[in-house]
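Visitor: Right, I'll just put the structure down here and ask away after.
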Amino acid sequence: MLLKMSSLFRKLFLTAWLVAGAFATHHLQAQQITQTVKGTVIDKASEKPLAGVSVTVTGLSIGVTTDSTGSYKLVNVPVGRQRISFTSIGYKPVSIPEVLVTIGKQVILDVSLEESIHSLKEVSVTAPRARKGMALNEFAGSSARSFSMDEVTRYAGGRNDPARLASNFAGVSSTNDSRNDIVVRGNSPTAVLWRMEGIPIPNPNHFTTLGTTGGPVSALNTNALKNSDFYTGAFPAEYGNASGAVFDLSLRAGNKDKVEKTLQLNLFSGLEAMIEGPLSKKKNGSSFLIGYRYSFAQLAQGIGLKFGTEAVPKYQDLVFNLNFANSKLGKFGIFGMGGTSNIDFIGADLDSADLFANKDEDTYFKSRIGIVGIKHTIDVGRNTYIRSVVSYSYTSNKGDIYKYYDSLPGRQYITRQETENTGLRFSTYLNSKINTRFAIRGGFLAEQNGLDTYLETRESRPGWETIRDYNGSSWLLQPYVQGKYRFTEKLSLNAGVHGMYYNFNQKAAVEPRASISYAMDNTKTLTISYGLHSQLQPAPVYLYQQKLANGAYDQSNRDLGFTKAHHYILGYDWAFAKDWRLKAEAYYQYIFDAPVERTASGFSILNSGADYTFPEKAALVNKGTGTNTGFELTVEKFFSRGYYLLTTASLFDSKYKGSDGIERNSTFNNHSVLNVLAGKEWKLGSSGRNVFTVDVKMAYSGGRYYTPVDLRASEIAGSEKLDESRYNAEQFPSYFRLDTRFGFRLNGSRRRLSQTLYLDLQNVTNRDNVFVRRYNQVQKQVGTVYQIGFFPDIMYKIQW
């Protein structure tokens with residue numbers, strides 16, 4: 001649907017855009033504007049600081065060497081995109097391309113170097129290889145990629161959301177504009193594990209519900225994140241309770257030398273204020289970072305701006321990261337994030353094509369999330385350390401639904417639910433670099449999950465029925481050990497084993513993992529990886545109970561075991577030209593022990609998880625299977641000579657079998673996904689300190705399969721009923737979206753202040769992509785609801 005901007009909004013935006021353009025083209029002086037680039041260089045295996053590393057800005061006579069703590073500081077680095085190189089005798093050189101330098105904030109760039117296994121006299125000098133997208137984890141094999149926050153905010157259509165950034169990577173598909181669910185290689189979004197600072201976290205989104213991993217608005221503040229890893233298969237042994245993908249996030253430390261401030265306004269992430277700086281006047285390495293965001297939708301409510309729904313989403317969140325100076329007791333840090341959100345859907349006020357609700361219903365929903373953790377690292381030898389994290393999390397959501405019936409004078413209360421989920425987690429591991437060839441890491445994760453949840457409904461029922469009612473706690477224990485052995489400079493092996501024990505129903509699993517990597521030369525690498533991965537069922541599946549004729553409840557879902565998957569991956573990485581890279585992967589996943597119905601049917605839990613609710617199915621058994629087979633290709637040009645290019649293509653087939661043994665297309669079997677992203681920057685003015693940017697993204701995906709509505713059964717029941725004799729028998733049309741973004745990056749000449757402004761035109765062709773086909777209870781027919789049409793997003797950021 002076409003979203004309308006009010007005339008007031010048009011005027012405000014046009015004014016801001018013209019003012020920014022005037023600033024961009026107004027050159028006060030032709031002087032060169034510079035900034036400081038600093039950070040720490042460590043050994044990749046031991047994570048200990050490296051002294052004497054040469055750090056240079058490519059193409060400029062700017063360079064320093066790291067001190068005894070591995071720290072370096074490059075001063076007077078010109079603003080703009082720079083390439084920073086790191087070289088040291090006995091280590092493989094590394095080059096970091098497209099480092100963005102602005103006047104308003106110092107750049108903190110931490111780097112790890114891999115030691116050569118040759119003796120010093122055998123070391124030959126080679127050109128530094130660009131490290132872009134390489135996983136930060138020493139033990140990563142295939143299907144791993146790191147990403148930077150610059151990428152999150154650079155690409156068109158990203159909505160300042162890390163999860164939406166991931167949709168640009170090969171193997172990831174997203175055909176839902178209203179949610180940021182991550183669908184990887186045909187797996188359900190529930191197969192994704194979220195981690196922060198080395199420990200699992202609950203769903204980090206606003207408006208979340210129990211068991212889901214995505215949502216409409218991210219609660220993650222991208223300005224507080226540093227480079228992080230994303231895995232799409234066969235991940236290392238330290239990651240567990242995930243069968244599809246892992247998002248391993250890290251918070252960046254605040255500037256330990258000076259106070260810096262950020263103000264930002266974005267339509268989706270909201271109005272934001274952030275401050276960071278040293279904790280002590282002594283500047284002993286301690287620092288703080290605090291950021292707060294408030295929903296722009298609430299602020300914009302008065303000017304009539306629409307966001308795909310007449311209901312106004314209200315949300316706010318906070319993030320902080322405190323890092324203390326190193327001492328004899330080790331290094332401590334305290335981190336956390338929290339957020340609140342609520343939204344009311346009043347049926348009489350809604351558009352008939354509203355994405356989320358019906359005109360004959362009033363829905364009230366609110367959710368809360370809070371995470372706090374303490375991180376500790378202590379050295380126990382020259383090349384060994386122990387890292388421990390203890391955290392506590394709290395999430396809650398409450399929803400009430402009222403329905404209007406023609407036969408009744410007022411609305412009727414039909415559904416009420418409330419959930420509180422707490423998590424106490426403790427993780428510890430020992431990391432040791434035994435020698436230049438061998439490194440090992442081993443530890444365990446213990447999670448105590450407390451859950452108090454209640455769901456009761458009388459929709460399509462003669463009276464109230466309790467869907468779930470549980471108040472208790474459970475433990476999930478996950479020990480692991482993994483190691484990396486480098487036979488030669490070219491050949492290495494990552495191998496490990498991960499274990500799981502769930503005391504809720506006494507289920508256990510042992511999972512071997514392995515990856516072999518062979519570097520044919522300095523530009524080509526071949527990898528072969530395997531992993532067995534197990535995952536708990538979503539809590540609503542375990543706790544669903546069905547009322548029997550005798551008044552008792554069937555609670556047999558509580559005995560369900562893990563869903564499991566074998567991952568096989570063959571990967572090839574080729575840096576075929578300067579600043580260019582090609583990456584290809586072929587994979588096969590065999591999923592087994594997936595919950596299906598006892599009686600013969602086409603139902604499988606593998607098709608759920610991309611919505612706010614889960615199927616109401618009892619008496620499930622672990623007898624379902626599935627397969628995901630595919631080929632992925634990435635062609636990427638790193639930012640240089642003023643432009644970048646990223647093209648990712650995926651061809652895959654995702655199938656499943658229910659208890660009837662019939663193979664069907666899974667809900668997430670899009671068959672093909674194509675993303676093309678490109679961007680160009682033009683320097684403005686005689687000094688070149690200001691930049692005009694244009695970014696374009698084209699996304700195409702095959703349509704999802706779905707189970708059609710049983711119109712006759714829906715008419716009788718008075719609510720939507722699916723035709724369960726035709727599971728995933730129909731397919732939505734293909735998804736297409738074109739986004740274009742225009743922006744200015746301004747660096748002040750007299751004050752150390754930088755500004756960023758962009759206009760992101762999303763779905764510029766106003767394509768009518770199908771959201772859902774559902775039963776309309778008022779018109780008593782099946783109707784099509786379309787996704788968000790043309791929509792302009794803006795962001796304005798100031799840093800000083």
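The chains in the structure tokens are called A, B, ... from first to last as shown; in each chain the residues are counted from 1, and the ligands are counted from 1 in the order shown.
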Could the residues of stretch 568-602 of chain A that have an atom at most 10 Å from stretch 611-617 of chain A be listed as a Markdown table, each with its closest atom pair and the distance in Å to one decimal, counting only C-alpha atoms and ordered by chain and ascending residue number?
Guide:
| residue | atom | partner | partner_atom | distance |
| --- | --- | --- | --- | --- |
| A:Pro595 | CA | A:Lys617 | CA | 10.0 |
| A:Val596 | CA | A:Lys617 | CA | 8.9 |
| A:Glu597 | CA | A:Lys617 | CA | 7.6 |
Visitor: Please provide the set of residues having any atom within 10 Å of A:Lys261, restricted to only C-alpha atoms, with same-chain residues fewer than 5 positions apart removed, written as a list in words.
Guide: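 After dropping sequence-adjacent residues, the list is Gly104, Lys105, Ala273, Met274, Ile275, Glu276, Gly277, Leu289, Ile290, Gly291, Leu753, Ile798, Gln799 and Trp800 of chain A.
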Visitor: For the residues in that selection, give me C-alpha atoms as an mmCIF file, in the first residue's frame.
Guide:
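Here's the written file part18.cif:
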data_model
loop_
_atom_site.group_PDB
_atom_site.id
_atom_site.type_symbol
_atom_site.label_atom_id
_atom_site.label_comp_id
_atom_site.auth_asym_id
_atom_site.auth_seq_id
_atom_site.Cartn_x
_atom_site.Cartn_y
_atom_site.Cartn_z
ATOM 1 C CA GLY A 104 33.467 14.300 14.948
ATOM 2 C CA LYS A 105 34.697 11.010 16.400
ATOM 3 C CA ALA A 273 21.519 10.364 22.588
ATOM 4 C CA MET A 274 24.842 8.675 23.382
ATOM 5 C CA ILE A 275 27.837 9.695 25.449
ATOM 6 C CA GLU A 276 31.152 7.906 25.988
ATOM 7 C CA GLY A 277 34.528 8.633 27.488
ATOM 8 C CA LEU A 289 29.401 4.164 26.972
ATOM 9 C CA ILE A 290 25.709 4.932 27.507
ATOM 10 C CA GLY A 291 23.015 5.313 24.861
ATOM 11 C CA LEU A 753 31.775 18.160 14.529
ATOM 12 C CA ILE A 798 25.696 14.591 14.809
ATOM 13 C CA GLN A 799 28.956 13.526 16.471
ATOM 14 C CA TRP A 800 31.388 15.720 18.372
#
Visitor: Please provide as a PDB file with N, CA and C atoms, in the first residue's frame all residues within 12 Å of A:Ile528, with the sequence filter that same-chain residues fewer than 5 positions apart are discarded (counting only C-alpha atoms).
Guide:
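Okay, part_19.pdb is ready:
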ATOM      1  N   ALA A 140      36.552 -20.305  13.719  1.00  0.00           N
ATOM      2  CA  ALA A 140      35.513 -20.319  12.693  1.00  0.00           C
ATOM      3  C   ALA A 140      35.990 -21.078  11.470  1.00  0.00           C
ATOM      4  N   GLY A 141      35.068 -21.771  10.818  1.00  0.00           N
ATOM      5  CA  GLY A 141      35.365 -22.486   9.581  1.00  0.00           C
ATOM      6  C   GLY A 141      34.603 -21.879   8.424  1.00  0.00           C
ATOM      7  N   SER A 142      33.759 -22.704   7.787  1.00  0.00           N
ATOM      8  CA  SER A 142      32.948 -22.221   6.672  1.00  0.00           C
ATOM      9  C   SER A 142      31.770 -21.384   7.164  1.00  0.00           C
ATOM     10  N   SER A 143      31.117 -20.740   6.218  1.00  0.00           N
ATOM     11  CA  SER A 143      29.837 -20.052   6.452  1.00  0.00           C
ATOM     12  C   SER A 143      29.901 -19.072   7.615  1.00  0.00           C
ATOM     13  N   GLY A 233      26.048 -21.694   9.177  1.00  0.00           N
ATOM     14  CA  GLY A 233      26.063 -23.152   9.200  1.00  0.00           C
ATOM     15  C   GLY A 233      27.377 -23.702   9.698  1.00  0.00           C
ATOM     16  N   ALA A 234      27.342 -24.938  10.241  1.00  0.00           N
ATOM     17  CA  ALA A 234      28.530 -25.645  10.721  1.00  0.00           C
ATOM     18  C   ALA A 234      29.400 -24.749  11.589  1.00  0.00           C
ATOM     19  N   LEU A 491      47.512 -25.495   5.420  1.00  0.00           N
ATOM     20  CA  LEU A 491      46.525 -26.475   5.836  1.00  0.00           C
ATOM     21  C   LEU A 491      46.268 -26.403   7.340  1.00  0.00           C
ATOM     22  N   SER A 492      44.989 -26.292   7.726  1.00  0.00           N
ATOM     23  CA  SER A 492      44.639 -26.231   9.142  1.00  0.00           C
ATOM     24  C   SER A 492      43.348 -26.992   9.397  1.00  0.00           C
ATOM     25  N   LEU A 493      43.173 -27.415  10.654  1.00  0.00           N
ATOM     26  CA  LEU A 493      42.000 -28.170  11.073  1.00  0.00           C
ATOM     27  C   LEU A 493      41.399 -27.544  12.321  1.00  0.00           C
ATOM     28  N   ASN A 494      40.107 -27.239  12.260  1.00  0.00           N
ATOM     29  CA  ASN A 494      39.329 -26.850  13.439  1.00  0.00           C
ATOM     30  C   ASN A 494      38.421 -28.022  13.801  1.00  0.00           C
ATOM     31  N   ALA A 495      38.468 -28.469  15.031  1.00  0.00           N
ATOM     32  CA  ALA A 495      37.632 -29.592  15.432  1.00  0.00           C
ATOM     33  C   ALA A 495      37.215 -29.426  16.879  1.00  0.00           C
ATOM     34  N   ARG A 513      31.947 -31.391  15.697  1.00  0.00           N
ATOM     35  CA  ARG A 513      32.116 -30.330  14.682  1.00  0.00           C
ATOM     36  C   ARG A 513      33.534 -30.407  14.125  1.00  0.00           C
ATOM     37  N   ALA A 514      33.717 -30.107  12.839  1.00  0.00           N
ATOM     38  CA  ALA A 514      35.059 -30.113  12.245  1.00  0.00           C
ATOM     39  C   ALA A 514      35.069 -29.273  10.975  1.00  0.00           C
ATOM     40  N   SER A 515      36.214 -28.647  10.704  1.00  0.00           N
ATOM     41  CA  SER A 515      36.389 -27.852   9.493  1.00  0.00           C
ATOM     42  C   SER A 515      37.850 -27.908   9.067  1.00  0.00           C
ATOM     43  N   ILE A 516      38.087 -28.229   7.807  1.00  0.00           N
ATOM     44  CA  ILE A 516      39.437 -28.259   7.232  1.00  0.00           C
ATOM     45  C   ILE A 516      39.569 -27.103   6.254  1.00  0.00           C
ATOM     46  N   SER A 517      40.648 -26.347   6.380  1.00  0.00           N
ATOM     47  CA  SER A 517      40.883 -25.199   5.509  1.00  0.00           C
ATOM     48  C   SER A 517      42.221 -25.362   4.801  1.00  0.00           C
ATOM     49  N   TYR A 518      42.221 -25.120   3.490  1.00  0.00           N
ATOM     50  CA  TYR A 518      43.451 -25.219   2.703  1.00  0.00           C
ATOM     51  C   TYR A 518      43.614 -23.957   1.871  1.00  0.00           C
ATOM     52  N   ALA A 519      44.685 -23.205   2.149  1.00  0.00           N
ATOM     53  CA  ALA A 519      44.991 -21.988   1.396  1.00  0.00           C
ATOM     54  C   ALA A 519      45.875 -22.353   0.217  1.00  0.00           C
ATOM     55  N   HIS A 567      25.081 -30.639   9.162  1.00  0.00           N
ATOM     56  CA  HIS A 567      25.478 -29.612   8.202  1.00  0.00           C
ATOM     57  C   HIS A 567      26.737 -30.078   7.460  1.00  0.00           C
ATOM     58  N   TYR A 568      26.693 -30.033   6.118  1.00  0.00           N
ATOM     59  CA  TYR A 568      27.855 -30.338   5.285  1.00  0.00           C
ATOM     60  C   TYR A 568      28.076 -29.148   4.363  1.00  0.00           C
ATOM     61  N   ILE A 569      29.315 -28.620   4.343  1.00  0.00           N
ATOM     62  CA  ILE A 569      29.578 -27.387   3.580  1.00  0.00           C
ATOM     63  C   ILE A 569      30.906 -27.482   2.850  1.00  0.00           C
ATOM     64  N   LEU A 570      30.903 -27.064   1.595  1.00  0.00           N
ATOM     65  CA  LEU A 570      32.117 -26.926   0.795  1.00  0.00           C
ATOM     66  C   LEU A 570      32.215 -25.469   0.369  1.00  0.00           C
ATOM     67  N   GLY A 571      33.327 -24.804   0.736  1.00  0.00           N
ATOM     68  CA  GLY A 571      33.458 -23.382   0.456  1.00  0.00           C
ATOM     69  C   GLY A 571      34.734 -23.038  -0.290  1.00  0.00           C
ATOM     70  N   TYR A 572      34.658 -21.960  -1.066  1.00  0.00           N
ATOM     71  CA  TYR A 572      35.809 -21.485  -1.848  1.00  0.00           C
ATOM     72  C   TYR A 572      35.840 -19.968  -1.778  1.00  0.00           C
ATOM     73  N   ASP A 573      36.994 -19.413  -1.378  1.00  0.00           N
ATOM     74  CA  ASP A 573      37.166 -17.975  -1.237  1.00  0.00           C
ATOM     75  C   ASP A 573      38.330 -17.540  -2.115  1.00  0.00           C
ATOM     76  N   GLU A 585      29.813 -21.178  -1.897  1.00  0.00           N
ATOM     77  CA  GLU A 585      29.581 -22.273  -0.953  1.00  0.00           C
ATOM     78  C   GLU A 585      28.449 -23.157  -1.453  1.00  0.00           C
ATOM     79  N   ALA A 586      28.656 -24.470  -1.331  1.00  0.00           N
ATOM     80  CA  ALA A 586      27.609 -25.449  -1.564  1.00  0.00           C
ATOM     81  C   ALA A 586      27.348 -26.150  -0.239  1.00  0.00           C
ATOM     82  N   TYR A 587      26.093 -26.423   0.061  1.00  0.00           N
ATOM     83  CA  TYR A 587      25.780 -26.994   1.365  1.00  0.00           C
ATOM     84  C   TYR A 587      24.643 -28.008   1.266  1.00  0.00           C
ATOM     85  N   TYR A 588      24.600 -28.866   2.271  1.00  0.00           N
ATOM     86  CA  TYR A 588      23.500 -29.816   2.428  1.00  0.00           C
ATOM     87  C   TYR A 588      23.215 -29.963   3.914  1.00  0.00           C
TER      88      TYR A 588
END
Visitor: Excluding A:Arg741 and any residue of its chain fewer than 3 positions from it, enumerate the residues within 8 Å of it, using only C-alpha atoms, and give them as a list in words.
Guide: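 Everything that qualifies: Ala156, Gly157, Thr693, Val694, Asp695, Val696, Tyr758, Leu759, Asp760 and Leu761 of chain A.
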Visitor: Set out as a Markdown table a contact list for stretch 270-382 of chain A and stretch 415-420 of chain A with a cut-off of 10 Å, giving each residue of stretch 270-382 of chain A that qualifies its closest atom pair and distance in Å to one decimal, counting only C-alpha atoms, ordered by chain and rising residue number.
Guide:
| residue | atom | partner | partner_atom | distance |
| --- | --- | --- | --- | --- |
| A:Thr363 | CA | A:Thr415 | CA | 9.3 |
| A:Tyr364 | CA | A:Arg416 | CA | 9.8 |
| A:Phe365 | CA | A:Gln417 | CA | 9.7 |
| A:Lys366 | CA | A:Glu418 | CA | 9.7 |
| A:Ser367 | CA | A:Thr419 | CA | 9.3 |
| A:Arg368 | CA | A:Glu420 | CA | 9.2 |
| A:Ile369 | CA | A:Glu420 | CA | 9.9 |
Visitor: Hey, what's within 8 Å of A:Lys38 if we count only C-alpha atoms and toss same-chain stuff fewer than 3 positions away? As a VMD selection string, please?
Guide: chain A and resid 71 to 74 106 to 110
Visitor: Counting only C-alpha atoms, figure out which residue out of A:Tyr413, A:Arg437, A:Gly198, A:Tyr656 gets nearest to A:Arg458.
Guide: A:Tyr413
Visitor: Please, which residues in stretch 680-755 of chain A fall within 12 Å of stretch 766-783 of chain A when counting only C-alpha atoms, and what is the closest atom pair and distance in Å to one decimal for each, ordered by chain then residue number, as a Markdown table?
Guide:
| residue | atom | partner | partner_atom | distance |
| --- | --- | --- | --- | --- |
| A:Ala699 | CA | A:Arg767 | CA | 11.8 |
| A:Tyr700 | CA | A:Asn769 | CA | 10.9 |
| A:Ser701 | CA | A:Asn769 | CA | 10.7 |
| A:Gly702 | CA | A:Asn769 | CA | 11.2 |
| A:Gly703 | CA | A:Val770 | CA | 8.8 |
| A:Arg704 | CA | A:Val770 | CA | 9.8 |
| A:Tyr705 | CA | A:Val772 | CA | 10.8 |
| A:Tyr706 | CA | A:Val772 | CA | 9.0 |
| A:Thr707 | CA | A:Arg773 | CA | 9.7 |
| A:Pro708 | CA | A:Arg773 | CA | 7.9 |
| A:Val709 | CA | A:Arg774 | CA | 6.8 |
| A:Asp710 | CA | A:Tyr775 | CA | 8.8 |
| A:Leu711 | CA | A:Gln781 | CA | 6.9 |
| A:Arg712 | CA | A:Lys780 | CA | 9.5 |
| A:Ala713 | CA | A:Tyr775 | CA | 10.6 |
| A:Ser714 | CA | A:Tyr775 | CA | 7.3 |
| A:Glu715 | CA | A:Lys780 | CA | 6.5 |
| A:Ile716 | CA | A:Lys780 | CA | 10.1 |
| A:Ala717 | CA | A:Gln777 | CA | 9.9 |
| A:Gly718 | CA | A:Gln777 | CA | 6.5 |
| A:Ser719 | CA | A:Gln777 | CA | 6.3 |
| A:Glu720 | CA | A:Tyr775 | CA | 5.3 |
| A:Lys721 | CA | A:Tyr775 | CA | 8.1 |
| A:Leu722 | CA | A:Arg774 | CA | 9.3 |
| A:Asp723 | CA | A:Tyr775 | CA | 11.9 |
| A:Glu730 | CA | A:Arg773 | CA | 10.9 |
| A:Gln731 | CA | A:Val770 | CA | 10.5 |
| A:Phe732 | CA | A:Val770 | CA | 6.8 |
| A:Pro733 | CA | A:Val770 | CA | 7.2 |
| A:Ser734 | CA | A:Asn769 | CA | 7.7 |
| A:Tyr735 | CA | A:Asn769 | CA | 5.8 |
| A:Phe736 | CA | A:Arg767 | CA | 7.0 |
| A:Arg737 | CA | A:Arg767 | CA | 6.8 |
| A:Leu738 | CA | A:Arg767 | CA | 8.7 |
| A:Asp739 | CA | A:Asn766 | CA | 10.2 |
Visitor: Give me, as a list in words, all polymer residues having an atom no more than 8 Å from A:Phe139, counting only C-alpha atoms and skipping those fewer than 5 positions away in the same chain.
Guide: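 Near neighbours after the sequence-gap exclusion: Pro236, Gln482, Gly483, Lys484 and Asn494 of chain A.
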Visitor: Please save N, CA and C atoms of the selected residues as a short mmCIF file (atom, residue, chain, number, x, y, z; two decimals), in the first residue's frame.
Guide:
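Generated output (out.cif):
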data_model
loop_
_atom_site.label_atom_id
_atom_site.label_comp_id
_atom_site.auth_asym_id
_atom_site.auth_seq_id
_atom_site.Cartn_x
_atom_site.Cartn_y
_atom_site.Cartn_z
N PRO A 236 31.35 -23.17 15.03
CA PRO A 236 32.28 -23.81 15.97
C PRO A 236 31.58 -24.42 17.17
N GLN A 482 37.18 -27.23 21.85
CA GLN A 482 37.53 -27.12 20.44
C GLN A 482 38.99 -26.73 20.32
N GLY A 483 39.57 -27.10 19.20
CA GLY A 483 40.97 -26.79 18.98
C GLY A 483 41.25 -26.51 17.52
N LYS A 484 42.32 -25.79 17.27
CA LYS A 484 42.77 -25.51 15.90
C LYS A 484 44.22 -25.94 15.78
N ASN A 494 40.11 -27.24 12.26
CA ASN A 494 39.33 -26.85 13.44
C ASN A 494 38.42 -28.02 13.80
#
Visitor: Ranking A:Ala245, A:Leu445, A:Ile89, A:Leu251 by minimum distance to A:Ser54 and counting only C-alpha atoms, which one comes first?
Guide: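 Nearest candidate to A:Ser54 out of A:Ala245, A:Leu445, A:Ile89, A:Leu251: A:Ile89.
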Visitor: For the atom pair atom CA of A:Arg83 and atom CA of A:Leu165, what is the interatomic distance in Å to one decimal place?
Guide: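 One can read the atom CA of A:Arg83 to atom CA of A:Leu165 distance as 22.9 Å.
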Visitor: Rank nothing, just name the residue among A:Asn557, A:Thr466, A:Thr213, A:Thr527 nearest to A:Phe504, using only C-alpha atoms.
Guide: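 Of A:Asn557, A:Thr466, A:Thr213, A:Thr527, the one nearest A:Phe504, counting only C-alpha atoms, is A:Asn557.
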Visitor: Nearest to A:Ser280 among A:Ser754, A:Asn255, A:Ser687, A:Asn421, with distances taken over only C-alpha atoms: which residue is it?
Guide: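 Result for the nearest residue to A:Ser280: A:Asn255.
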Visitor: Do a neighbour search on A:Tyr294 at 9 Å with only C-alpha atoms, toss out local chain neighbours closer than 3 positions, and write the hits as a list of chain:residue names.
Guide: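 The residues satisfying every condition are A:Ser269, A:Gly270, A:Leu271, A:Glu272, A:Ala297, A:Gln298, A:Leu299, A:Lys314, A:Tyr315, A:Gln316, A:Asp317.
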Visitor: As an exercise, work out the distance from atom CA of A:Phe230 to atom CA of A:Arg164 in Å and give it to one decimal place.
Guide: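 Between atom CA of A:Phe230 and atom CA of A:Arg164 the gap works out to 12.4 Å.
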